[in-house]
Amino acid sequence: MKSMDELKYTPENITSLERDDIFVFGSNLEGRHLGGAARVALDKFGARMGQGVGIQGQSYAIPTMQGGVDTIRPYVDEFIDLAREWDQNTFYVTRIGCGIAGFTDEEIAPLFDEAYDLYNVRLPKSFADIIRRKREQNKSKHQ
């Protein structure tokens, strides 16, 4: 587990990336990147109109508009598998699902629990704080 000083978070507003960085954003299955982080991905980081899932340029789409949190989980799991495999890249996860899709940080953050421990994944501070708090609660329950 990362110590507090090792934790690095996704910046609030990302306007540029290094060569091996990937911008992770919430999408819709149709790949209509018209607003929020999806629009940033389209305008700046190589997202493709019409592609709603996966790697595209220096971005990675996770669909969040197709239903409840349980419909997002398989896509987050796919992303985590890719992040493990592409360990030379750094992935900057935005607050996916917490804008236009209308979910709360508390609903989405737990989906990224496994990503929290990956050295090449940066989470929004709000997600990391929620994951850390849940882990501490679980630890105290089991003591």
# chains A, B, ... in the order shown; residues from 1 in each chain; ligands from 1
>>> residues_around(residues="stretch 85-97 of chain A", least_positions_apart="2", cutoff="6 Å", atoms="only C-alpha atoms", output="compact mmCIF listing (two decimals) with all heavy atoms, in the first residue's frame")
# COMPACT_ATOMS: atom_id res chain seq x y z
N THR A 10 -4.43 12.87 -9.43
CA THR A 10 -4.73 13.48 -10.72
C THR A 10 -4.96 14.96 -10.49
O THR A 10 -5.76 15.33 -9.63
CB THR A 10 -6.00 12.85 -11.32
OG1 THR A 10 -5.78 11.45 -11.52
CG2 THR A 10 -6.36 13.50 -12.65
N ASP A 20 4.35 9.40 -22.16
CA ASP A 20 3.81 8.11 -21.71
C ASP A 20 2.62 8.24 -20.77
O ASP A 20 2.24 7.27 -20.12
CB ASP A 20 4.92 7.29 -21.03
CG ASP A 20 6.00 6.85 -22.01
OD1 ASP A 20 5.67 6.64 -23.19
OD2 ASP A 20 7.17 6.74 -21.60
N ASP A 21 2.01 9.42 -20.72
CA ASP A 21 0.85 9.65 -19.86
C ASP A 21 -0.44 9.38 -20.62
O ASP A 21 -0.54 9.63 -21.82
CB ASP A 21 0.82 11.09 -19.35
CG ASP A 21 1.96 11.41 -18.40
OD1 ASP A 21 2.65 10.47 -17.93
OD2 ASP A 21 2.18 12.61 -18.14
N ILE A 22 -1.45 8.88 -19.89
CA ILE A 22 -2.76 8.60 -20.46
C ILE A 22 -3.83 9.28 -19.60
O ILE A 22 -3.83 9.15 -18.38
CB ILE A 22 -3.06 7.07 -20.49
CG1 ILE A 22 -1.93 6.28 -21.16
CG2 ILE A 22 -4.42 6.80 -21.13
CD1 ILE A 22 -1.85 6.36 -22.64
N PHE A 23 -4.73 9.99 -20.25
CA PHE A 23 -5.84 10.72 -19.63
C PHE A 23 -7.05 9.77 -19.60
O PHE A 23 -7.52 9.33 -20.64
CB PHE A 23 -6.13 11.95 -20.50
CG PHE A 23 -7.23 12.86 -20.01
CD1 PHE A 23 -6.97 13.81 -19.05
CD2 PHE A 23 -8.50 12.79 -20.56
CE1 PHE A 23 -7.98 14.69 -18.63
CE2 PHE A 23 -9.50 13.66 -20.15
CZ PHE A 23 -9.24 14.60 -19.18
N VAL A 24 -7.55 9.44 -18.42
CA VAL A 24 -8.66 8.48 -18.26
C VAL A 24 -9.93 9.27 -17.95
O VAL A 24 -9.99 10.00 -16.96
CB VAL A 24 -8.36 7.46 -17.15
CG1 VAL A 24 -9.49 6.45 -17.03
CG2 VAL A 24 -7.02 6.76 -17.40
N PHE A 25 -10.95 9.10 -18.80
CA PHE A 25 -12.15 9.92 -18.70
C PHE A 25 -13.42 9.09 -18.80
O PHE A 25 -13.40 7.98 -19.32
CB PHE A 25 -12.14 11.00 -19.79
CG PHE A 25 -12.26 10.46 -21.20
CD1 PHE A 25 -13.49 10.47 -21.85
CD2 PHE A 25 -11.17 9.95 -21.87
CE1 PHE A 25 -13.61 9.98 -23.14
CE2 PHE A 25 -11.28 9.45 -23.16
CZ PHE A 25 -12.51 9.47 -23.80
N GLY A 26 -14.50 9.66 -18.28
CA GLY A 26 -15.81 9.03 -18.39
C GLY A 26 -16.41 9.32 -19.75
O GLY A 26 -16.29 10.43 -20.28
N THR A 64 -19.77 5.54 -18.61
CA THR A 64 -20.44 5.78 -17.33
C THR A 64 -21.91 6.14 -17.50
O THR A 64 -22.59 6.39 -16.50
CB THR A 64 -19.75 6.93 -16.57
OG1 THR A 64 -19.82 8.11 -17.36
CG2 THR A 64 -18.30 6.61 -16.26
N LEU A 82 -5.49 -3.31 -17.87
CA LEU A 82 -4.62 -2.65 -18.84
C LEU A 82 -3.51 -1.86 -18.13
O LEU A 82 -2.34 -1.91 -18.53
CB LEU A 82 -5.41 -1.72 -19.75
CG LEU A 82 -4.52 -1.01 -20.78
CD1 LEU A 82 -4.51 -1.75 -22.10
CD2 LEU A 82 -4.94 0.42 -20.96
N ALA A 83 -3.87 -1.13 -17.07
CA ALA A 83 -2.88 -0.34 -16.33
C ALA A 83 -1.79 -1.23 -15.75
O ALA A 83 -0.61 -0.85 -15.73
CB ALA A 83 -3.56 0.48 -15.24
N GLY A 99 -19.64 13.84 -13.13
CA GLY A 99 -20.07 15.08 -13.77
C GLY A 99 -21.42 14.86 -14.42
O GLY A 99 -22.44 14.69 -13.75
N ALA A 101 -22.70 12.28 -15.87
CA ALA A 101 -23.38 11.01 -15.54
C ALA A 101 -24.13 11.08 -14.21
O ALA A 101 -25.06 10.31 -13.97
CB ALA A 101 -22.38 9.85 -15.51
N PHE A 103 -23.18 10.57 -10.91
CA PHE A 103 -22.86 9.76 -9.74
C PHE A 103 -22.06 10.59 -8.74
O PHE A 103 -21.51 11.63 -9.08
CB PHE A 103 -22.05 8.52 -10.15
CG PHE A 103 -22.81 7.56 -11.02
CD1 PHE A 103 -22.62 7.55 -12.39
CD2 PHE A 103 -23.74 6.68 -10.47
CE1 PHE A 103 -23.32 6.68 -13.21
CE2 PHE A 103 -24.45 5.81 -11.27
CZ PHE A 103 -24.24 5.80 -12.65
N ASN A 120 1.47 3.29 -11.10
CA ASN A 120 1.35 4.07 -12.33
C ASN A 120 -0.05 4.64 -12.55
O ASN A 120 -0.34 5.16 -13.62
CB ASN A 120 1.76 3.22 -13.54
CG ASN A 120 0.87 2.00 -13.74
OD1 ASN A 120 0.35 1.43 -12.80
ND2 ASN A 120 0.72 1.60 -14.99
N VAL A 121 -0.91 4.57 -11.53
CA VAL A 121 -2.25 5.14 -11.63
C VAL A 121 -2.39 6.28 -10.63
O VAL A 121 -2.11 6.11 -9.45
CB VAL A 121 -3.35 4.08 -11.39
CG1 VAL A 121 -4.73 4.72 -11.38
CG2 VAL A 121 -3.28 2.97 -12.43
N ARG A 122 -2.82 7.43 -11.13
CA ARG A 122 -3.11 8.58 -10.28
C ARG A 122 -4.63 8.72 -10.21
O ARG A 122 -5.30 8.73 -11.24
CB ARG A 122 -2.54 9.88 -10.87
CG ARG A 122 -1.06 9.84 -11.17
CD ARG A 122 -0.22 9.80 -9.92
NE ARG A 122 1.20 9.75 -10.24
CZ ARG A 122 1.91 8.63 -10.30
NH1 ARG A 122 1.34 7.46 -10.08
NH2 ARG A 122 3.20 8.67 -10.58
N LEU A 123 -5.14 8.81 -9.01
CA LEU A 123 -6.58 8.98 -8.81
C LEU A 123 -6.87 10.41 -8.36
O LEU A 123 -6.01 11.06 -7.78
CB LEU A 123 -7.08 8.00 -7.74
CG LEU A 123 -6.97 6.52 -8.08
CD1 LEU A 123 -7.38 5.68 -6.88
CD2 LEU A 123 -7.81 6.16 -9.30
>>> select_by_dssp(residues="chain A", states="helix (DSSP H, G or I)", output="PyMOL selection string")
chain A and resi 36-44+69-85+105-112+115-117+125-141
>>> residues_around(residues="A:Ile130", least_positions_apart="3", cutoff="12 Å", atoms="only C-alpha atoms", output="VMD selection string")
chain A and resid 104 to 113 116 123 to 127 133 to 137
>>> residues_around(residues="stretch 31-45 of chain A", least_positions_apart="3", cutoff="8 Å", atoms="only C-alpha atoms", output="PyMOL selection string")
chain A and resi 15-16+23+25-28+48-53+57-59+61+94+99-100
>>> write_last_selection(atoms="C-alpha atoms", output="CSV table (one decimal), in the first residue's frame")
chain,number,residue,atom,x,y,z
A,15,THR,CA,-4.0,20.6,-20.1
A,16,SER,CA,-0.9,18.7,-21.2
A,23,PHE,CA,-5.8,10.7,-19.6
A,25,PHE,CA,-12.1,9.9,-18.7
A,26,GLY,CA,-15.8,9.0,-18.4
A,27,SER,CA,-17.6,8.4,-21.7
A,28,ASN,CA,-20.8,7.1,-23.2
A,48,ARG,CA,-12.1,9.6,-31.2
A,49,MET,CA,-15.7,10.5,-31.8
A,50,GLY,CA,-17.6,7.3,-32.0
A,51,GLN,CA,-15.3,5.2,-29.7
A,52,GLY,CA,-16.8,5.0,-26.3
A,53,VAL,CA,-14.5,2.4,-24.7
A,57,GLY,CA,-4.5,8.4,-28.6
A,58,GLN,CA,-3.3,9.5,-25.1
A,59,SER,CA,-6.7,8.8,-23.6
A,61,ALA,CA,-12.5,6.0,-22.2
A,94,THR,CA,-10.5,11.9,-13.8
A,99,GLY,CA,-20.1,15.1,-13.8
A,100,ILE,CA,-22.6,14.6,-16.5
>>> select_by_dssp(residues="chain A", states="strand (DSSP E or B)", output="VMD selection string")
chain A and resid 9 21 to 27 54 to 56 59 to 63 90 to 93 121 to 123
>>> closest_residue(among="A:Gly54, A:Glu12, A:Leu29, A:Glu18", to="A:Asp81", atoms="only C-alpha atoms")
A:Gly54
>>> residues_around(residues="A:Gln56", least_positions_apart="2", cutoff="6 Å", atoms="only C-alpha atoms", output="short mmCIF file (atom, residue, chain, number, x, y, z; two decimals) with C-alpha atoms, in the first residue's frame")
data_model
loop_
_atom_site.label_atom_id
_atom_site.label_comp_id
_atom_site.auth_asym_id
_atom_site.auth_seq_id
_atom_site.Cartn_x
_atom_site.Cartn_y
_atom_site.Cartn_z
CA GLY A 46 -6.63 11.90 -29.08
CA ALA A 47 -10.07 10.58 -28.10
CA SER A 59 -6.66 8.85 -23.55
CA TYR A 60 -8.72 5.96 -22.20
#
>>> closest_residue(among="A:Ile131, A:Ala115, A:Cys98, A:Ile55", to="A:Ile80", atoms="only C-alpha atoms")
A:Ala115
>>> closest_residue(among="A:Tyr9, A:Met65, A:Arg73, A:Ile14", to="A:Glu30", atoms="only C-alpha atoms")
A:Met65
>>> atom_distance(atom1="atom CA of A:Gly67", atom2="atom CA of A:Phe79")
18.3 Å
>>> atom_distance(atom1="atom CA of A:Lys8", atom2="atom CA of A:Ala128")
9.5 Å
>>> closest_residue(among="A:Arg132, A:Arg19, A:Thr71, A:Asp77", to="A:Asp117", atoms="only C-alpha atoms")
A:Arg132
